[in-house]
Structure formats: structure tokens, C-alpha cells
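A.B. asks: Sharing input-v8.txt below, compact mmCIF, C-alpha atoms:
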```txt
# COMPACT_ATOMS: atom_id res chain seq x y z
CA GLU A 225 -16.86 51.04 -17.53
CA ASP A 226 -14.57 50.62 -20.52
CA GLN A 227 -15.38 47.63 -22.72
CA VAL A 228 -13.81 45.97 -25.74
CA THR A 229 -15.71 43.34 -27.73
CA GLN A 230 -14.10 41.43 -30.57
CA SER A 231 -15.78 39.35 -33.23
CA PRO A 232 -15.73 36.71 -34.44
CA GLU A 233 -14.16 34.63 -31.68
CA ALA A 234 -12.55 32.38 -34.28
CA LEU A 235 -12.17 32.51 -38.05
CA ARG A 236 -10.92 29.94 -40.53
CA LEU A 237 -9.98 31.13 -44.01
CA GLN A 238 -8.41 29.59 -47.06
CA GLU A 239 -5.09 31.03 -48.12
CA GLY A 240 -5.79 34.11 -50.22
CA GLU A 241 -9.31 34.61 -48.86
CA SER A 242 -9.58 38.18 -47.55
CA SER A 243 -11.68 39.07 -44.51
CA SER A 244 -12.06 41.52 -41.61
CA LEU A 245 -11.93 41.28 -37.84
CA ASN A 246 -14.07 43.61 -35.73
CA CYS A 247 -13.33 45.41 -32.47
CA SER A 248 -16.18 47.37 -30.88
CA TYR A 249 -15.33 49.59 -27.95
CA THR A 250 -17.00 51.67 -25.27
CA VAL A 251 -14.77 54.18 -23.56
CA SER A 252 -15.27 57.64 -22.12
CA GLY A 253 -12.73 59.44 -24.25
CA LEU A 254 -10.43 57.38 -26.47
CA ARG A 255 -6.74 58.05 -26.10
CA GLY A 256 -5.70 55.18 -28.32
CA LEU A 257 -6.81 51.87 -29.83
CA PHE A 258 -4.21 49.18 -30.31
CA TRP A 259 -3.96 45.95 -32.29
CA TYR A 260 -1.63 43.16 -31.21
CA ARG A 261 -0.78 39.75 -32.62
CA GLN A 262 -0.23 36.79 -30.30
CA ASP A 263 1.32 33.49 -31.34
CA PRO A 264 0.78 30.37 -29.18
CA GLY A 265 2.94 30.33 -26.06
CA LYS A 266 4.20 33.89 -26.57
CA GLY A 267 3.42 37.39 -25.41
CA PRO A 268 1.47 39.75 -27.68
CA GLU A 269 3.37 41.78 -30.26
CA PHE A 270 2.35 45.28 -31.28
CA LEU A 271 0.84 45.89 -34.71
CA PHE A 272 -0.90 49.29 -34.83
CA THR A 273 -2.04 52.32 -32.85
CA LEU A 274 -5.05 54.37 -33.97
CA TYR A 275 -6.60 57.34 -32.18
CA SER A 276 -8.57 59.44 -34.61
CA ALA A 277 -11.81 58.43 -36.37
CA GLY A 278 -11.06 57.88 -40.06
CA GLU A 279 -7.46 56.95 -39.44
CA GLU A 280 -5.95 53.98 -41.29
CA LYS A 281 -2.65 52.14 -40.82
CA GLU A 282 -1.16 49.40 -43.01
CA LYS A 283 1.51 46.76 -42.62
CA GLU A 284 2.05 44.12 -45.28
CA ARG A 285 -1.29 42.27 -45.67
CA LEU A 286 -2.92 44.01 -42.69
CA LYS A 287 -4.83 47.28 -42.60
CA ALA A 288 -6.44 48.73 -39.48
CA THR A 289 -9.21 51.33 -39.58
CA LEU A 290 -11.02 53.29 -36.87
CA THR A 291 -14.49 54.80 -36.43
CA LYS A 292 -16.00 56.41 -33.34
CA LYS A 293 -17.36 53.07 -32.13
CA GLU A 294 -15.28 50.33 -33.71
CA SER A 295 -12.11 49.30 -35.45
CA PHE A 296 -11.55 46.79 -38.21
CA LEU A 297 -8.47 44.75 -39.01
CA HIS A 298 -8.60 43.88 -42.68
CA ILE A 299 -6.53 40.96 -43.89
CA THR A 300 -5.88 40.85 -47.62
CA ALA A 301 -4.83 37.61 -49.35
CA PRO A 302 -3.70 36.01 -46.09
CA LYS A 303 -0.99 33.36 -45.85
CA PRO A 304 -0.71 30.49 -43.35
CA GLU A 305 1.90 32.48 -41.39
CA ASP A 306 -0.82 35.04 -40.60
CA SER A 307 -2.46 32.44 -38.36
CA ALA A 308 -2.48 33.84 -34.80
CA THR A 309 -4.75 35.43 -32.22
CA TYR A 310 -5.39 39.13 -32.88
CA LEU A 311 -6.06 41.26 -29.84
CA CYS A 312 -7.62 44.72 -29.67
CA ALA A 313 -7.02 47.07 -26.73
CA VAL A 314 -8.09 50.59 -25.73
CA GLN A 315 -6.70 53.29 -23.52
CA ALA A 316 -9.01 55.98 -22.15
CA THR A 317 -8.02 59.59 -21.71
CA ARG A 318 -8.81 59.60 -17.98
CA ASP A 319 -6.22 57.06 -16.82
CA ASP A 320 -3.38 54.77 -17.91
CA LYS A 321 -5.23 51.46 -17.93
CA ILE A 322 -5.03 49.49 -21.16
CA ILE A 323 -7.99 47.14 -21.54
CA PHE A 324 -8.01 44.18 -23.94
CA GLY A 325 -10.74 42.29 -25.74
CA LYS A 326 -10.91 38.49 -25.83
CA GLY A 327 -9.27 38.29 -29.22
CA THR A 328 -10.01 36.62 -32.54
CA ARG A 329 -8.27 33.32 -33.29
CA LEU A 330 -7.43 33.33 -36.99
CA HIS A 331 -6.47 30.16 -38.83
CA ILE A 332 -5.36 30.31 -42.47
CA LEU A 333 -5.53 27.01 -44.30
CA PRO A 334 -2.97 26.33 -47.07
CA ASN B 5 18.48 43.55 -25.80
CA ALA B 6 16.62 41.69 -23.04
CA GLY B 7 13.44 43.82 -23.03
CA VAL B 8 10.92 42.51 -20.47
CA THR B 9 12.04 39.42 -18.55
CA GLN B 10 9.68 37.26 -16.50
CA THR B 11 10.64 34.49 -14.10
CA PRO B 12 9.81 31.71 -13.58
CA LYS B 13 8.41 30.44 -16.89
CA PHE B 14 6.42 27.65 -15.23
CA ARG B 15 5.33 27.01 -11.67
CA ILE B 16 2.99 24.62 -9.87
CA LEU B 17 1.62 25.73 -6.50
CA LYS B 18 -0.47 24.00 -3.91
CA ILE B 19 -3.62 25.70 -2.65
CA GLY B 20 -2.74 28.21 0.06
CA GLN B 21 0.92 28.59 -0.91
CA SER B 22 2.42 31.98 -1.72
CA MET B 23 4.78 33.06 -4.44
CA THR B 24 6.15 36.08 -6.26
CA LEU B 25 6.23 36.41 -10.02
CA GLN B 26 9.21 38.48 -11.06
CA CYS B 27 9.24 41.05 -13.86
CA THR B 28 12.13 43.28 -14.85
CA GLN B 29 12.69 45.55 -17.84
CA ASP B 30 15.85 47.21 -19.12
CA MET B 31 14.26 49.87 -21.34
CA ASN B 32 13.90 52.52 -18.59
CA HIS B 33 10.11 52.47 -19.02
CA ASN B 34 8.10 54.23 -16.34
CA TYR B 35 4.86 52.35 -17.00
CA MET B 36 4.49 48.65 -16.17
CA TYR B 37 1.47 46.31 -16.23
CA TRP B 38 0.47 42.85 -15.06
CA TYR B 39 -2.13 40.85 -17.00
CA ARG B 40 -3.52 37.35 -16.70
CA GLN B 41 -4.75 35.31 -19.63
CA ASP B 42 -7.07 32.34 -19.18
CA PRO B 43 -7.36 29.72 -21.97
CA GLY B 44 -9.11 31.10 -25.03
CA MET B 45 -9.52 34.49 -23.41
CA GLY B 46 -7.97 37.88 -23.80
CA LEU B 47 -5.84 39.69 -21.25
CA LYS B 48 -7.27 40.93 -17.95
CA LEU B 49 -5.44 43.78 -16.20
CA ILE B 50 -4.45 42.97 -12.61
CA TYR B 51 -2.34 45.96 -11.52
CA TYR B 52 -0.33 48.67 -13.16
CA SER B 53 2.28 51.23 -12.17
CA VAL B 54 3.19 54.61 -13.64
CA GLY B 55 6.48 54.89 -11.79
CA ALA B 56 8.46 53.81 -8.76
CA GLY B 57 6.31 53.96 -5.65
CA ILE B 58 3.02 54.32 -7.58
CA THR B 59 0.66 51.42 -8.24
CA ASP B 60 -3.04 51.14 -9.05
CA LYS B 61 -5.66 48.42 -9.40
CA GLY B 62 -6.79 47.06 -12.71
CA GLU B 63 -9.82 44.94 -13.59
CA VAL B 64 -9.08 41.85 -11.45
CA PRO B 65 -6.83 42.82 -8.48
CA ASN B 66 -8.32 40.55 -5.79
CA GLY B 67 -5.87 37.94 -4.49
CA TYR B 68 -2.79 39.81 -5.73
CA ASN B 69 -0.39 42.45 -4.45
CA VAL B 70 2.29 44.50 -6.16
CA SER B 71 5.10 46.84 -5.28
CA ARG B 72 7.31 49.11 -7.37
CA SER B 73 10.46 50.13 -5.55
CA THR B 74 12.59 50.63 -8.69
CA THR B 75 11.93 51.63 -12.28
CA GLU B 76 13.16 48.25 -13.51
CA ASP B 77 11.21 45.81 -11.34
CA PHE B 78 7.50 45.16 -10.83
CA PRO B 79 6.90 41.92 -8.89
CA LEU B 80 3.44 40.37 -8.50
CA ARG B 81 2.68 38.58 -5.23
CA LEU B 82 0.12 35.82 -4.71
CA GLU B 83 -0.44 35.43 -0.95
CA LEU B 84 -2.86 32.48 -0.69
CA ALA B 85 -2.98 30.69 -4.01
CA ALA B 86 -6.36 29.43 -5.20
CA PRO B 87 -7.28 27.24 -8.21
CA SER B 88 -8.98 30.29 -9.78
CA GLN B 89 -5.51 31.85 -10.10
CA THR B 90 -4.38 29.15 -12.54
CA SER B 91 -3.51 31.18 -15.61
CA VAL B 92 -0.74 32.59 -17.77
CA TYR B 93 0.62 35.84 -16.39
CA PHE B 94 2.13 38.51 -18.63
CA CYS B 95 4.12 41.53 -17.60
CA ALA B 96 4.41 44.49 -19.95
CA SER B 97 6.03 47.91 -20.02
CA ARG B 98 5.84 51.07 -22.09
CA ARG B 99 7.19 54.58 -22.34
CA GLN B 100 5.36 57.41 -20.63
CA ALA B 101 4.08 59.29 -23.69
CA ALA B 102 0.44 58.88 -24.69
CA ARG B 103 -0.47 55.97 -26.97
CA GLU B 104 2.87 54.23 -26.59
CA LYS B 105 2.85 50.52 -27.37
CA LEU B 106 3.27 47.80 -24.79
CA PHE B 107 6.30 45.50 -24.76
CA PHE B 108 5.44 42.10 -23.30
CA GLY B 109 7.43 39.43 -21.53
CA SER B 110 7.14 35.79 -22.53
CA GLY B 111 4.80 34.93 -19.66
CA THR B 112 4.64 32.74 -16.56
CA GLN B 113 2.39 29.68 -16.68
CA LEU B 114 1.02 29.08 -13.19
CA SER B 115 -1.01 26.08 -12.04
CA VAL B 116 -2.60 25.95 -8.58
CA LEU B 117 -3.59 22.43 -7.54
```
How does this structure look as C-alpha cells?
C.D. replies:
Amino acid sequence: EDQVTQSPEALRLQEGESSSLNCSYTVSGLRGLFWYRQDPGKGPEFLFTLYSAGEEKEKERLKATLTKKESFLHITAPKPEDSATYLCAVQATRDDKIIFGKGTRLHILP
Amino acid sequence: NAGVTQTPKFRILKIGQSMTLQCTQDMNHNYMYWYRQDPGMGLKLIYYSVGAGITDKGEVPNGYNVSRSTTEDFPLRLELAAPSQTSVYFCASRRQAAREKLFFGSGTQLSVL
């Protein structure tokens, strides 16, 4: 059974304090790993897709990386507007299900 | 551009009542998904569809039914509402190619009392 585990569940950082969020996955053949951002009361918004071990993608203060067992979302010098829940999801090669983890709630203090 | 539209935004049901959550998309996406999100939790897949007339179960399908008669619409039916179905429901769609991103609606907040 495909599984996605995210850690930590919640993270509070000072503005400018860099850190990383973890997404560990178990899937029989990875088609793609996705990162989404979700603001309160809204649907998730797409950030990145990764599918090959060693791959990296960047967008502003965010960088996502992928290994064979986990992905990291690195946040460099975060700002209060980066506060949100970050969700990780995987799609296996055998079907079209997209399975999500529980997310990490990130709070950046000014 | 409307994208993915969900109605209603809020609904309160009594135990045992039935209702249909509507989802429509105007991007001509073949793939559509229904998720539920409980407080402080991630998204759980209920059902998904890869095209008109084709649906399949996700992680938590019990208590729900779906149909897909057109490319645009993917309604979710609750037949006998239970308190355990209190949640926020999200509909999403994507293009057919591998690794395509999901586009989400704004959600339906459902309370069953």
C-alpha cells in the first residue's frame, strides 16, 4: 500500500530562519512526487513535481529535492507570507491515484 | 477562467439525509478526483475518474458514490449522511499526461449533525 509520511507536523520559525520539511514515501514504482501549498480555507496550490532521484526544483525561497525514499522542501530565509500548510503527494506507476501526506503546518514569525 | 468550481460552499445535513456535492471544470481535463480533508489532516482520496463513464475507488470510498457522464462534471453523492462524514471536500482535475499537476476547487465544508 502506498504511504506518504510528512514531518514535522508543525514548525514555527523566525523570519529569516532556514529549515527543511521532510516527506518520506513508500510506493511500488514512483511516477511522480508533488509538493503543494495550502492556505487556510483554500484548496491546495501546486508548487513542484519531481520524479527522478537527485532531481531538484526551485521557486523563490523554496527548493525541493528527491531521493529514492524521501523528498525535502528546503525553505531559505522565509518570510511571514510563507506561512501555510505544505502537502506532499505521490503517484505510482501502476494507477492514477494521487495519495497525500498529512502535511506540515509552517508558521513564520515576524 | 473559472477552473474547478464546487457547489455548495457550505452545507449542514441531518443524520440520514442525502445530498450531492457538485464539481465542474472548464479545462477539458479527463482526470478528476474527490478528496476529503479532516481538521489538521491531509487529503484522503475518495474516488477518481479518468474519463467519462470511468470511475474507481480511492482510499476512503465507503458511504459515497460518484458518476461521470460528461468530461466537465464529477458529482459526489452522500446517500445516508453520518457524523463521520463531517469534513471539507475538495474536487480536483488534471490533464491526462503523466505527472500533471492537480487543479483544486475551493472546497465544500459539510457538517452532519
A.B. asks: Could you name the residues that touch Glu63 (chain B) at 10 Å or less, counting only C-alpha atoms, but leaving out those on the same chain fewer than 5 positions away, as a ChimeraX atom specification?
C.D. replies: /A:321,323 /B:39,48-51
A.B. asks: Could you list the residues in chain A lying within 10 Å of chain B, using only C-alpha atoms, and format the result as a VMD selection string?
C.D. replies: chain A and resid 230 233 to 234 255 to 260 265 to 275 309 to 317 320 to 329
A.B. asks: Taking only C-alpha atoms into account, which of A:Asp319, A:Thr229, A:Ala308, A:Gly278 comes nearest Pro264 (chain A)?
C.D. replies: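 Of the candidates, the smallest distance to Pro264 (chain A) is held by A:Ala308.
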A.B. asks: Which value, in Å to one decimal, gives the distance between CA of Leu114 (chain B) and CA of Lys13 (chain B)?
C.D. replies: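 Going from CA of Leu114 (chain B) over to CA of Lys13 (chain B) covers 8.4 Å.
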A.B. asks: Which residue gives the smallest distance to Val70 (chain B) among B:Asn34, B:Thr24, B:Ser97, B:Thr90, with all atoms listed in the file counted?
C.D. replies: B:Thr24
A.B. asks: Within 7 Å of (10.1, 41.7, -6.5), in the coordinates the file gives, what residues turn up when you count all atoms listed in the file, written out as a short mmCIF file (atom, residue, chain, number, x, y, z; two decimals) with C-alpha atoms, in the coordinates of the input?
C.D. replies:
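Saved file selection-v1.cif follows:
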```cif
data_model
loop_
_atom_site.label_atom_id
_atom_site.label_comp_id
_atom_site.auth_asym_id
_atom_site.auth_seq_id
_atom_site.Cartn_x
_atom_site.Cartn_y
_atom_site.Cartn_z
CA THR B 24 6.15 36.08 -6.26
CA GLN B 26 9.21 38.48 -11.06
CA ASP B 77 11.21 45.81 -11.34
CA PHE B 78 7.50 45.16 -10.83
CA PRO B 79 6.90 41.92 -8.89
#
```
A.B. asks: What does the structure give for the distance between CA of Pro302 (chain A) and CA of Ser244 (chain A), in Å to one decimal?
C.D. replies: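 Result for CA of Pro302 (chain A) versus CA of Ser244 (chain A): 11.0 Å, one decimal.
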